[in-house]
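Containing mmCIF, C-alpha atoms: work-v3.cif.
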```cif
data_upload
#
loop_
_atom_site.group_PDB
_atom_site.id
_atom_site.type_symbol
_atom_site.label_atom_id
_atom_site.label_comp_id
_atom_site.auth_asym_id
_atom_site.auth_seq_id
_atom_site.Cartn_x
_atom_site.Cartn_y
_atom_site.Cartn_z
ATOM 1 C CA MET A 14 -8.235 -49.918 16.655
ATOM 2 C CA LEU A 15 -9.523 -46.382 16.252
ATOM 3 C CA SER A 16 -11.352 -46.475 19.588
ATOM 4 C CA GLU A 17 -8.302 -46.704 21.868
ATOM 5 C CA PRO A 18 -5.041 -47.853 20.290
ATOM 6 C CA ARG A 19 -2.470 -49.383 22.630
ATOM 7 C CA SER A 20 0.025 -46.817 21.376
ATOM 8 C CA GLY A 21 -2.343 -44.112 22.614
ATOM 9 C CA ARG A 22 -2.457 -45.560 26.128
ATOM 10 C CA LEU A 23 1.312 -45.954 26.200
ATOM 11 C CA ALA A 24 1.956 -42.414 24.981
ATOM 12 C CA ALA A 25 -0.664 -40.756 27.197
ATOM 13 C CA TRP A 26 0.278 -42.463 30.451
ATOM 14 C CA GLY A 27 3.972 -42.467 29.577
ATOM 15 C CA ASN A 28 3.805 -38.702 29.126
ATOM 16 C CA ALA A 29 1.992 -38.313 32.442
ATOM 17 C CA LEU A 30 4.723 -40.370 34.112
ATOM 18 C CA LEU A 31 7.547 -38.412 32.486
ATOM 19 C CA ALA A 32 5.926 -35.155 33.643
ATOM 20 C CA GLY A 33 5.426 -36.398 37.204
ATOM 21 C CA PHE A 34 1.620 -36.498 37.174
ATOM 22 C CA VAL A 35 1.418 -40.233 37.976
ATOM 23 C CA GLY A 36 3.650 -42.868 39.521
ATOM 24 C CA PRO A 37 5.311 -45.736 37.626
ATOM 25 C CA ASP A 38 2.959 -48.458 38.865
ATOM 26 C CA ASP A 39 -0.189 -46.454 38.079
ATOM 27 C CA ALA A 40 1.109 -45.639 34.593
ATOM 28 C CA ALA A 41 1.975 -49.276 33.861
ATOM 29 C CA LEU A 42 -1.426 -50.471 35.102
ATOM 30 C CA ALA A 43 -3.273 -47.989 32.885
ATOM 31 C CA ILE A 44 -1.163 -48.876 29.832
ATOM 32 C CA VAL A 45 -1.755 -52.617 30.207
ATOM 33 C CA GLY A 46 -5.530 -52.131 30.541
ATOM 34 C CA ASP A 47 -7.368 -55.372 29.864
ATOM 35 C CA ASP A 48 -4.279 -57.137 28.509
ATOM 36 C CA ALA A 49 -2.438 -59.680 30.623
ATOM 37 C CA VAL A 50 1.053 -58.236 30.373
ATOM 38 C CA HIS A 51 3.163 -55.781 28.363
ATOM 39 C CA ARG A 52 6.912 -56.164 27.944
ATOM 40 C CA VAL A 53 9.500 -54.195 25.960
ATOM 41 C CA GLU A 54 12.429 -55.699 24.050
ATOM 42 C CA GLY A 55 15.357 -53.908 22.440
ATOM 43 C CA ILE A 56 15.812 -51.205 25.094
ATOM 44 C CA PRO A 57 19.443 -50.014 24.857
ATOM 45 C CA GLY A 58 21.410 -51.464 27.746
ATOM 46 C CA GLU A 59 18.994 -54.348 28.360
ATOM 47 C CA THR A 60 19.784 -57.868 27.160
ATOM 48 C CA GLY A 61 16.182 -59.094 26.924
ATOM 49 C CA PRO A 62 12.539 -58.078 27.326
ATOM 50 C CA VAL A 63 11.725 -56.043 30.437
ATOM 51 C CA GLY A 64 8.540 -54.907 32.149
ATOM 52 C CA LEU A 65 6.854 -51.596 31.407
ATOM 53 C CA THR A 66 7.921 -49.892 34.626
ATOM 54 C CA LEU A 67 11.593 -50.643 34.043
ATOM 55 C CA ALA A 68 11.316 -49.835 30.326
ATOM 56 C CA LEU A 69 9.802 -46.410 30.938
ATOM 57 C CA GLY A 70 12.474 -45.655 33.530
ATOM 58 C CA ARG A 71 15.219 -46.676 31.109
ATOM 59 C CA LEU A 72 13.733 -44.526 28.338
ATOM 60 C CA ARG A 73 13.704 -41.498 30.635
ATOM 61 C CA ALA A 74 17.344 -42.183 31.569
ATOM 62 C CA LEU A 75 18.182 -42.365 27.861
ATOM 63 C CA GLY A 76 16.857 -38.834 27.366
ATOM 64 C CA VAL A 77 13.251 -39.384 26.296
ATOM 65 C CA THR A 78 11.259 -36.225 27.017
ATOM 66 C CA GLY A 79 7.896 -37.163 25.490
ATOM 67 C CA LEU A 80 5.980 -39.830 23.587
ATOM 68 C CA ARG A 81 4.082 -39.309 20.342
ATOM 69 C CA VAL A 82 1.611 -41.615 18.585
ATOM 70 C CA ALA A 83 1.726 -42.738 14.961
ATOM 71 C CA LEU A 84 -1.283 -44.419 13.311
ATOM 72 C CA PRO A 85 -0.123 -45.169 9.758
ATOM 73 C CA ALA A 86 -2.162 -46.821 7.022
ATOM 74 C CA PRO A 87 -1.248 -47.795 3.445
ATOM 75 C CA GLY A 88 -0.428 -44.609 1.576
ATOM 76 C CA HIS A 89 -0.667 -42.508 4.741
ATOM 77 C CA PRO A 90 2.422 -42.569 7.047
ATOM 78 C CA LEU A 91 0.593 -40.607 9.749
ATOM 79 C CA GLY A 92 2.932 -39.630 12.589
ATOM 80 C CA LEU A 93 6.014 -41.366 11.195
ATOM 81 C CA SER A 94 9.397 -39.832 10.437
ATOM 82 C CA GLY A 95 11.503 -42.841 9.361
ATOM 83 C CA PRO A 96 13.708 -44.697 8.853
ATOM 84 C CA PRO A 97 12.027 -47.095 6.392
ATOM 85 C CA GLU A 98 12.606 -50.119 8.629
ATOM 86 C CA PHE A 99 10.681 -48.560 11.519
ATOM 87 C CA ASN A 100 7.973 -47.249 9.208
ATOM 88 C CA ALA A 101 7.440 -50.717 7.749
ATOM 89 C CA ARG A 102 7.052 -52.301 11.199
ATOM 90 C CA ALA A 103 4.687 -49.537 12.293
ATOM 91 C CA LEU A 104 2.607 -49.855 9.130
ATOM 92 C CA GLU A 105 2.273 -53.603 9.676
ATOM 93 C CA ALA A 106 1.087 -53.025 13.259
ATOM 94 C CA GLU A 107 -0.984 -49.971 12.207
ATOM 95 C CA GLU A 108 0.383 -48.053 15.184
ATOM 96 C CA ALA A 109 3.581 -47.031 16.964
ATOM 97 C CA VAL A 110 5.010 -44.700 19.597
ATOM 98 C CA VAL A 111 7.838 -42.305 18.746
ATOM 99 C CA CYS A 112 10.081 -41.208 21.639
ATOM 100 C CA SER A 113 11.176 -37.574 21.499
ATOM 101 C CA GLY A 114 14.737 -36.862 22.578
ATOM 102 C CA ALA A 115 16.320 -40.292 22.155
ATOM 103 C CA GLY A 116 15.838 -41.393 18.535
ATOM 104 C CA LEU A 117 13.810 -44.447 19.525
ATOM 105 C CA GLY A 118 10.366 -45.805 18.734
ATOM 106 C CA LEU A 119 8.124 -48.599 19.983
ATOM 107 C CA VAL A 120 5.989 -50.926 17.857
ATOM 108 C CA PRO A 121 3.584 -53.413 19.501
ATOM 109 C CA GLU A 122 3.322 -57.089 18.670
ATOM 110 C CA VAL A 123 0.054 -58.468 20.021
ATOM 111 C CA TYR A 124 -0.555 -62.171 20.482
ATOM 112 C CA GLU A 125 -2.739 -64.584 22.439
ATOM 113 C CA ALA A 126 -1.334 -67.035 24.974
ATOM 114 C CA GLY A 127 -2.638 -69.655 27.347
ATOM 115 C CA PRO A 128 -4.665 -72.876 27.100
ATOM 116 C CA ASP A 129 -8.149 -73.185 25.605
ATOM 117 C CA GLY A 130 -10.670 -71.550 27.895
ATOM 118 C CA ASP A 131 -8.048 -69.347 29.529
ATOM 119 C CA VAL A 132 -6.626 -67.384 26.599
ATOM 120 C CA HIS A 133 -5.207 -63.954 27.375
ATOM 121 C CA VAL A 134 -3.590 -61.172 25.373
ATOM 122 C CA GLU A 135 0.080 -60.312 25.761
ATOM 123 C CA VAL A 136 1.920 -57.412 24.118
ATOM 124 C CA LEU A 137 5.601 -57.223 23.259
ATOM 125 C CA TRP A 138 6.805 -53.741 22.309
ATOM 126 C CA HIS A 139 9.809 -53.678 19.969
ATOM 127 C CA CYS A 140 12.159 -50.755 20.603
ATOM 128 C CA LEU A 141 13.793 -49.594 17.365
ATOM 129 C CA PRO A 142 15.801 -46.598 16.100
ATOM 130 C CA VAL A 143 13.790 -43.710 14.617
ATOM 131 C CA ARG A 144 14.741 -40.549 12.797
ATOM 132 C CA GLU A 145 14.434 -37.324 14.788
ATOM 133 C CA ALA A 146 12.286 -35.308 12.366
ATOM 134 C CA PRO A 147 8.820 -33.716 12.264
ATOM 135 C CA PRO A 148 6.101 -36.415 12.127
ATOM 136 C CA ALA A 149 4.138 -36.801 8.913
ATOM 137 C CA ASP A 150 0.714 -35.164 8.443
ATOM 138 C CA VAL A 151 -0.153 -34.487 12.104
ATOM 139 C CA PRO A 152 -2.631 -31.580 12.437
ATOM 140 C CA SER A 153 -2.988 -29.158 15.307
ATOM 141 C CA LEU A 154 -5.826 -29.693 17.754
ATOM 142 C CA GLY A 155 -7.748 -26.820 16.202
ATOM 143 C CA GLU A 156 -7.362 -28.206 12.688
ATOM 144 C CA ALA A 157 -8.368 -31.689 13.871
ATOM 145 C CA GLU A 158 -11.490 -30.368 15.595
ATOM 146 C CA ARG A 159 -12.623 -28.510 12.488
ATOM 147 C CA GLU A 160 -11.919 -31.493 10.247
ATOM 148 C CA LEU A 161 -13.906 -33.812 12.529
ATOM 149 C CA ALA A 162 -16.983 -31.611 12.581
ATOM 150 C CA GLU A 163 -16.990 -31.289 8.807
ATOM 151 C CA GLY A 164 -16.160 -34.952 8.248
ATOM 152 C CA LEU A 165 -18.945 -36.139 10.517
ATOM 153 C CA ARG A 166 -21.524 -34.052 8.661
ATOM 154 C CA GLU A 167 -20.309 -35.202 5.265
ATOM 155 C CA ALA A 168 -20.164 -38.862 6.291
ATOM 156 C CA THR A 169 -23.679 -38.820 7.715
ATOM 157 C CA GLU A 170 -25.081 -37.226 4.553
ATOM 158 C CA VAL A 171 -23.294 -39.631 2.220
ATOM 159 C CA LEU A 172 -24.067 -42.774 4.211
ATOM 160 C CA THR A 173 -27.713 -41.810 4.582
ATOM 161 C CA ARG A 174 -27.951 -41.257 0.847
ATOM 162 C CA LEU A 175 -26.427 -44.708 0.267
ATOM 163 C CA ASP A 176 -28.850 -46.258 2.792
ATOM 164 C CA VAL A 177 -26.065 -47.666 4.944
ATOM 165 C CA ALA A 178 -27.137 -49.073 8.298
ATOM 166 C CA GLY A 179 -24.184 -47.393 10.002
ATOM 167 C CA SER A 180 -25.545 -43.910 9.380
ATOM 168 C CA GLY A 181 -28.665 -43.857 11.555
ATOM 169 C CA PRO A 182 -29.903 -44.141 15.160
ATOM 170 C CA VAL A 183 -28.963 -47.827 15.394
ATOM 171 C CA ALA A 184 -25.328 -46.942 14.793
ATOM 172 C CA GLU A 185 -25.458 -44.095 17.298
ATOM 173 C CA ALA A 186 -26.932 -46.442 19.914
ATOM 174 C CA ALA A 187 -24.189 -48.977 19.223
ATOM 175 C CA VAL A 188 -21.524 -46.308 19.607
ATOM 176 C CA ASP A 189 -23.051 -45.050 22.872
ATOM 177 C CA ALA A 190 -23.232 -48.577 24.285
ATOM 178 C CA TYR A 191 -19.636 -49.280 23.300
ATOM 179 C CA ARG A 192 -18.390 -46.075 24.860
ATOM 180 C CA ALA A 193 -20.342 -46.689 28.063
ATOM 181 C CA ARG A 194 -18.641 -50.064 28.453
ATOM 182 C CA ALA A 195 -15.215 -48.760 27.499
ATOM 183 C CA GLU A 196 -15.322 -45.720 29.747
ATOM 184 C CA ARG A 197 -16.235 -47.456 33.013
ATOM 185 C CA GLY A 198 -13.357 -46.724 35.356
ATOM 186 C CA ARG A 199 -11.260 -45.156 32.577
ATOM 187 C CA GLU A 200 -10.058 -41.618 31.998
ATOM 188 C CA ALA A 201 -10.316 -40.366 28.417
ATOM 189 C CA LEU A 202 -6.678 -39.223 28.611
ATOM 190 C CA ALA A 203 -4.023 -39.307 31.295
ATOM 191 C CA PRO A 204 -3.596 -36.438 33.799
ATOM 192 C CA GLY A 205 -1.906 -33.352 32.419
ATOM 193 C CA TYR A 206 -3.599 -33.280 29.016
ATOM 194 C CA PRO A 207 -5.421 -30.066 28.003
ATOM 195 C CA PRO A 208 -9.260 -30.199 27.976
ATOM 196 C CA ARG A 209 -9.334 -29.529 24.235
ATOM 197 C CA ALA A 210 -7.312 -32.700 23.613
ATOM 198 C CA VAL A 211 -9.894 -34.707 25.581
ATOM 199 C CA ARG A 212 -12.694 -33.151 23.530
ATOM 200 C CA VAL A 213 -10.945 -33.919 20.225
ATOM 201 C CA LEU A 214 -10.157 -37.472 21.315
ATOM 202 C CA GLU A 215 -13.765 -38.207 22.267
ATOM 203 C CA LEU A 216 -15.118 -36.824 18.984
ATOM 204 C CA ALA A 217 -12.481 -38.728 16.985
ATOM 205 C CA GLN A 218 -13.452 -41.943 18.776
ATOM 206 C CA ARG A 219 -17.107 -41.368 17.962
ATOM 207 C CA VAL A 220 -16.372 -40.718 14.291
ATOM 208 C CA GLY A 221 -14.063 -43.715 14.120
ATOM 209 C CA LEU A 222 -16.607 -46.009 15.742
ATOM 210 C CA LEU A 223 -19.304 -44.861 13.342
ATOM 211 C CA VAL A 224 -17.001 -45.810 10.480
ATOM 212 C CA GLU A 225 -16.372 -49.243 12.043
ATOM 213 C CA VAL A 226 -20.105 -49.820 12.568
ATOM 214 C CA ALA A 227 -20.778 -48.840 8.954
ATOM 215 C CA TYR A 228 -18.142 -51.270 7.680
ATOM 216 C CA GLU A 229 -19.461 -54.102 9.878
ATOM 217 C CA SER A 230 -23.173 -53.584 9.195
ATOM 218 C CA GLY A 231 -23.310 -55.548 5.966
ATOM 219 C CA HIS A 232 -24.175 -53.908 2.696
ATOM 220 C CA GLY A 233 -27.234 -52.031 3.940
ATOM 221 C CA GLY A 234 -29.313 -50.975 0.991
ATOM 222 C CA ALA A 235 -26.372 -51.109 -1.416
ATOM 223 C CA VAL A 236 -27.331 -53.730 -3.986
ATOM 224 C CA SER A 237 -24.698 -53.162 -6.640
ATOM 225 C CA ALA A 238 -20.930 -53.310 -6.704
ATOM 226 C CA SER A 239 -20.803 -49.637 -7.635
ATOM 227 C CA GLU A 240 -22.896 -48.665 -4.589
ATOM 228 C CA MET A 241 -20.731 -50.778 -2.292
ATOM 229 C CA GLY A 242 -17.682 -49.139 -3.798
ATOM 230 C CA ALA A 243 -19.227 -45.727 -3.240
ATOM 231 C CA ARG A 244 -19.629 -46.513 0.442
ATOM 232 C CA ALA A 245 -15.954 -47.469 0.743
ATOM 233 C CA VAL A 246 -14.979 -44.262 -1.038
ATOM 234 C CA ALA A 247 -17.185 -42.265 1.343
ATOM 235 C CA LEU A 248 -15.770 -43.894 4.459
ATOM 236 C CA ARG A 249 -12.077 -43.749 3.578
ATOM 237 C CA PRO A 250 -11.529 -39.994 3.989
ATOM 238 C CA VAL A 251 -13.640 -39.909 7.154
ATOM 239 C CA GLU A 252 -11.549 -42.691 8.692
ATOM 240 C CA ARG A 253 -8.432 -40.729 7.722
ATOM 241 C CA VAL A 254 -9.788 -37.618 9.466
ATOM 242 C CA ALA A 255 -10.511 -39.639 12.615
ATOM 243 C CA ARG A 256 -7.013 -41.107 12.686
ATOM 244 C CA ARG A 257 -5.434 -37.667 12.212
ATOM 245 C CA ALA A 258 -7.493 -36.309 15.090
ATOM 246 C CA LEU A 259 -6.582 -39.213 17.392
ATOM 247 C CA VAL A 260 -2.902 -38.576 16.765
ATOM 248 C CA ALA A 261 -3.335 -34.838 17.363
ATOM 249 C CA ALA A 262 -5.088 -35.502 20.679
ATOM 250 C CA TYR A 263 -2.551 -38.008 21.990
ATOM 251 C CA ASN A 264 0.361 -35.820 20.860
ATOM 252 C CA ALA A 265 -1.048 -32.607 22.349
ATOM 253 C CA PHE A 266 0.814 -33.139 25.635
ATOM 254 C CA VAL A 267 4.215 -33.119 23.930
ATOM 255 C CA GLU A 268 3.264 -30.345 21.505
ATOM 256 C CA GLU A 269 2.226 -28.015 24.341
ATOM 257 C CA ARG A 270 5.358 -28.741 26.385
ATOM 258 C CA GLU A 271 7.614 -28.061 23.401
ATOM 259 C CA ARG A 272 5.830 -24.739 22.782
ATOM 260 C CA GLY A 273 6.545 -23.842 26.406
#
```
Represent the structure of the file as structure tokens.
Amino acid sequence: MLSEPRSGRLAAWGNALLAGFVGPDDAALAIVGDDAVHRVEGIPGETGPVGLTLALGRLRALGVTGLRVALPAPGHPLGLSGPPEFNARALEAEEAVVCSGAGLGLVPEVYEAGPDGDVHVEVLWHCLPVREAPPADVPSLGEAERELAEGLREATEVLTRLDVAGSGPVAEAAVDAYRARAERGREALAPGYPPRAVRVLELAQRVGLLVEVAYESGHGGAVSASEMGARAVALRPVERVARRALVAAYNAFVEERERG
């Protein structure tokens, strides 16, 4: 999820659409990505689920001026501002989009559909009321960049000391291969984002992927429960730093516009 959350694609390309950098069809195509279809239910004035193009148009008509990302985790309501009902749905999905200017938010529900051998992914976004308030724990781009550099150094030192497979050249090669596949024909962020946001996003993705590789690489040289626990303790704050930086990058478009 850290590599490219669906909420990130929706916010980035939705912001580009709202600002006039891309057309509705191009924005919807980029948001859907490799999924089969995205629909939105709960849009005020609509009686049932609607397609992305119509949903984004309705949100703009309702006064939405920008889209922010939230990537909450247990004990860390990153990017959320309430109410509790929306926060709970976002925490369950581990992501959400908060719409500035209209008191609305979007939470994805992802499911598979189709017969065996032809299964595809569909996404239903639930539109819910949100509280218009500053989002929780979102750093500036500068803060996120500094945190990432420090977090990457600390994580590499700790994981190497614990002899975790995710800390060496094999992990770096896996990350590079993943990014090469993911980036074919894809922009890091939608048009209109500042270059620094692209730089922070790419570094956050690299840090996040290193954490995922470390978690998925087995126990490495850790042979005791205490050593395995130490690895989890080492990874947790680094993963938190990566999530904070992702949110800062995706939200940079709105932050810059609001600063004028």
inquiry  = Applying the PyMOL selection byres ((chain A and resi 102-111) around 6) to the file I just gave you, which residues come out? Please list them as a PyMOL selection string.
reply    = chain A and resi 20+80-85+99-101+112+118-120
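Of note, CA of Pro148 (chain A) and CA of Gly95 (chain A) are spaced 8.8 Å apart.
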inquiry  = Considering only C-alpha atoms, can you say which of A:Arg219, A:Arg212, A:Arg19, A:Arg71 comes closest to Leu154 (chain A)?
reply    = A:Arg212
query = Using all atoms listed in the file, which of A:Leu165, A:Val123, A:Ala86, A:Leu137 sits nearest Arg256 (chain A)?
reply = A:Ala86
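Going from CA of Glu145 (chain A) over to CA of Gly114 (chain A), you cover 7.8 Å.
CA of Asp150 (chain A) lies 27.1 Å from CA of Leu75 (chain A).
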key: Which residue of A:Arg209, A:Arg249, A:His89, A:Arg52 approaches Pro121 (chain A) most closely, using all atoms listed in the file   = A:Arg52
6 Å per side around region 43-62 of chain A: axis-aligned box centre and edge lengths, as AutoDock Vina command-line options:
```
--center_x 7.0 --center_y -53.8 --center_z 27.7 --size_x 40.8 --size_y 23.7 --size_z 22.4
```
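With the shown file loaded, the PyMOL selection byres ((chain A and resi 270) around 12) picks out Asn28, Ala29, Leu31, Ala32, Thr78, Gly79, Leu80, Ser113, Gly205, Tyr206, Pro207, Asn264, Ala265, Phe266, Val267, Glu268, Glu269, Glu271, Arg272 and Gly273 of chain A.
Distances here use all atoms listed in the file; by that measure, the residue among A:Ala25, A:Val50, A:Val254, A:Leu42 closest to Glu125 (chain A) is A:Val50.
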Repair of region 49-60 of chain A at the level of all heavy atoms, as a PDB file, keeping the file's coordinate frame:
```pdb
ATOM      1  N   ALA A  49      -3.039 -58.956  29.509  1.00  0.00           N
ATOM      2  CA  ALA A  49      -2.438 -59.680  30.623  1.00  0.00           C
ATOM      3  C   ALA A  49      -1.102 -59.070  31.032  1.00  0.00           C
ATOM      4  O   ALA A  49      -0.822 -58.885  32.220  1.00  0.00           O
ATOM      5  CB  ALA A  49      -2.250 -61.150  30.254  1.00  0.00           C
ATOM      6  N   VAL A  50      -0.276 -58.758  30.064  1.00  0.00           N
ATOM      7  CA  VAL A  50       1.053 -58.236  30.373  1.00  0.00           C
ATOM      8  C   VAL A  50       1.609 -57.505  29.154  1.00  0.00           C
ATOM      9  O   VAL A  50       1.283 -57.849  28.015  1.00  0.00           O
ATOM     10  CB  VAL A  50       2.014 -59.383  30.786  1.00  0.00           C
ATOM     11  CG1 VAL A  50       2.248 -60.347  29.621  1.00  0.00           C
ATOM     12  CG2 VAL A  50       3.336 -58.847  31.317  1.00  0.00           C
ATOM     13  N   HIS A  51       2.402 -56.470  29.397  1.00  0.00           N
ATOM     14  CA  HIS A  51       3.163 -55.781  28.363  1.00  0.00           C
ATOM     15  C   HIS A  51       4.639 -55.852  28.734  1.00  0.00           C
ATOM     16  O   HIS A  51       5.007 -55.602  29.882  1.00  0.00           O
ATOM     17  CB  HIS A  51       2.763 -54.299  28.260  1.00  0.00           C
ATOM     18  CG  HIS A  51       1.462 -54.055  27.591  1.00  0.00           C
ATOM     19  ND1 HIS A  51       1.231 -52.947  26.799  1.00  0.00           N
ATOM     20  CD2 HIS A  51       0.307 -54.755  27.590  1.00  0.00           C
ATOM     21  CE1 HIS A  51      -0.015 -52.977  26.343  1.00  0.00           C
ATOM     22  NE2 HIS A  51      -0.601 -54.058  26.827  1.00  0.00           N
ATOM     23  N   ARG A  52       5.474 -56.176  27.750  1.00  0.00           N
ATOM     24  CA  ARG A  52       6.912 -56.164  27.944  1.00  0.00           C
ATOM     25  C   ARG A  52       7.553 -55.416  26.775  1.00  0.00           C
ATOM     26  O   ARG A  52       6.923 -55.215  25.732  1.00  0.00           O
ATOM     27  CB  ARG A  52       7.465 -57.596  28.059  1.00  0.00           C
ATOM     28  CG  ARG A  52       6.921 -58.328  29.283  1.00  0.00           C
ATOM     29  CD  ARG A  52       7.432 -59.756  29.377  1.00  0.00           C
ATOM     30  NE  ARG A  52       8.858 -59.836  29.652  1.00  0.00           N
ATOM     31  CZ  ARG A  52       9.402 -59.643  30.852  1.00  0.00           C
ATOM     32  NH1 ARG A  52       8.628 -59.339  31.892  1.00  0.00           N
ATOM     33  NH2 ARG A  52      10.706 -59.755  31.026  1.00  0.00           N
ATOM     34  N   VAL A  53       8.791 -54.984  26.968  1.00  0.00           N
ATOM     35  CA  VAL A  53       9.500 -54.195  25.960  1.00  0.00           C
ATOM     36  C   VAL A  53      10.854 -54.848  25.689  1.00  0.00           C
ATOM     37  O   VAL A  53      11.611 -55.116  26.625  1.00  0.00           O
ATOM     38  CB  VAL A  53       9.710 -52.737  26.426  1.00  0.00           C
ATOM     39  CG1 VAL A  53      10.337 -51.907  25.310  1.00  0.00           C
ATOM     40  CG2 VAL A  53       8.389 -52.119  26.874  1.00  0.00           C
ATOM     41  N   GLU A  54      11.131 -55.125  24.414  1.00  0.00           N
ATOM     42  CA  GLU A  54      12.429 -55.699  24.050  1.00  0.00           C
ATOM     43  C   GLU A  54      13.173 -54.720  23.154  1.00  0.00           C
ATOM     44  O   GLU A  54      12.589 -53.932  22.422  1.00  0.00           O
ATOM     45  CB  GLU A  54      12.252 -57.058  23.356  1.00  0.00           C
ATOM     46  CG  GLU A  54      11.636 -57.012  21.973  1.00  0.00           C
ATOM     47  CD  GLU A  54      12.672 -56.865  20.876  1.00  0.00           C
ATOM     48  OE1 GLU A  54      13.846 -57.196  21.097  1.00  0.00           O
ATOM     49  OE2 GLU A  54      12.280 -56.387  19.785  1.00  0.00           O
ATOM     50  N   GLY A  55      14.518 -54.772  23.256  1.00  0.00           N
ATOM     51  CA  GLY A  55      15.357 -53.908  22.440  1.00  0.00           C
ATOM     52  C   GLY A  55      15.745 -52.606  23.108  1.00  0.00           C
ATOM     53  O   GLY A  55      16.374 -51.750  22.465  1.00  0.00           O
ATOM     54  N   ILE A  56      15.400 -52.421  24.386  1.00  0.00           N
ATOM     55  CA  ILE A  56      15.812 -51.205  25.094  1.00  0.00           C
ATOM     56  C   ILE A  56      17.335 -51.172  25.184  1.00  0.00           C
ATOM     57  O   ILE A  56      17.952 -52.144  25.624  1.00  0.00           O
ATOM     58  CB  ILE A  56      15.209 -51.176  26.517  1.00  0.00           C
ATOM     59  CG1 ILE A  56      13.687 -51.076  26.463  1.00  0.00           C
ATOM     60  CG2 ILE A  56      15.783 -50.016  27.325  1.00  0.00           C
ATOM     61  CD1 ILE A  56      13.156 -49.719  26.132  1.00  0.00           C
ATOM     62  N   PRO A  57      17.981 -50.089  24.750  1.00  0.00           N
ATOM     63  CA  PRO A  57      19.443 -50.014  24.857  1.00  0.00           C
ATOM     64  C   PRO A  57      19.915 -50.255  26.291  1.00  0.00           C
ATOM     65  O   PRO A  57      19.373 -49.696  27.239  1.00  0.00           O
ATOM     66  CB  PRO A  57      19.758 -48.580  24.413  1.00  0.00           C
ATOM     67  CG  PRO A  57      18.626 -48.229  23.486  1.00  0.00           C
ATOM     68  CD  PRO A  57      17.421 -48.897  24.073  1.00  0.00           C
ATOM     69  N   GLY A  58      20.884 -51.141  26.427  1.00  0.00           N
ATOM     70  CA  GLY A  58      21.410 -51.464  27.746  1.00  0.00           C
ATOM     71  C   GLY A  58      20.765 -52.656  28.403  1.00  0.00           C
ATOM     72  O   GLY A  58      21.240 -53.126  29.438  1.00  0.00           O
ATOM     73  N   GLU A  59      19.672 -53.169  27.819  1.00  0.00           N
ATOM     74  CA  GLU A  59      18.994 -54.348  28.360  1.00  0.00           C
ATOM     75  C   GLU A  59      19.213 -55.526  27.415  1.00  0.00           C
ATOM     76  O   GLU A  59      19.131 -55.380  26.197  1.00  0.00           O
ATOM     77  CB  GLU A  59      17.493 -54.087  28.539  1.00  0.00           C
ATOM     78  CG  GLU A  59      17.157 -52.946  29.482  1.00  0.00           C
ATOM     79  CD  GLU A  59      17.549 -53.251  30.922  1.00  0.00           C
ATOM     80  OE1 GLU A  59      17.652 -54.447  31.260  1.00  0.00           O
ATOM     81  OE2 GLU A  59      17.749 -52.297  31.697  1.00  0.00           O
ATOM     82  N   THR A  60      19.467 -56.694  27.972  1.00  0.00           N
ATOM     83  CA  THR A  60      19.784 -57.868  27.160  1.00  0.00           C
ATOM     84  C   THR A  60      18.558 -58.652  26.720  1.00  0.00           C
ATOM     85  O   THR A  60      18.655 -59.523  25.865  1.00  0.00           O
ATOM     86  CB  THR A  60      20.718 -58.810  27.931  1.00  0.00           C
ATOM     87  OG1 THR A  60      20.075 -59.190  29.174  1.00  0.00           O
ATOM     88  CG2 THR A  60      22.034 -58.112  28.243  1.00  0.00           C
TER      89      THR A  60
END
```
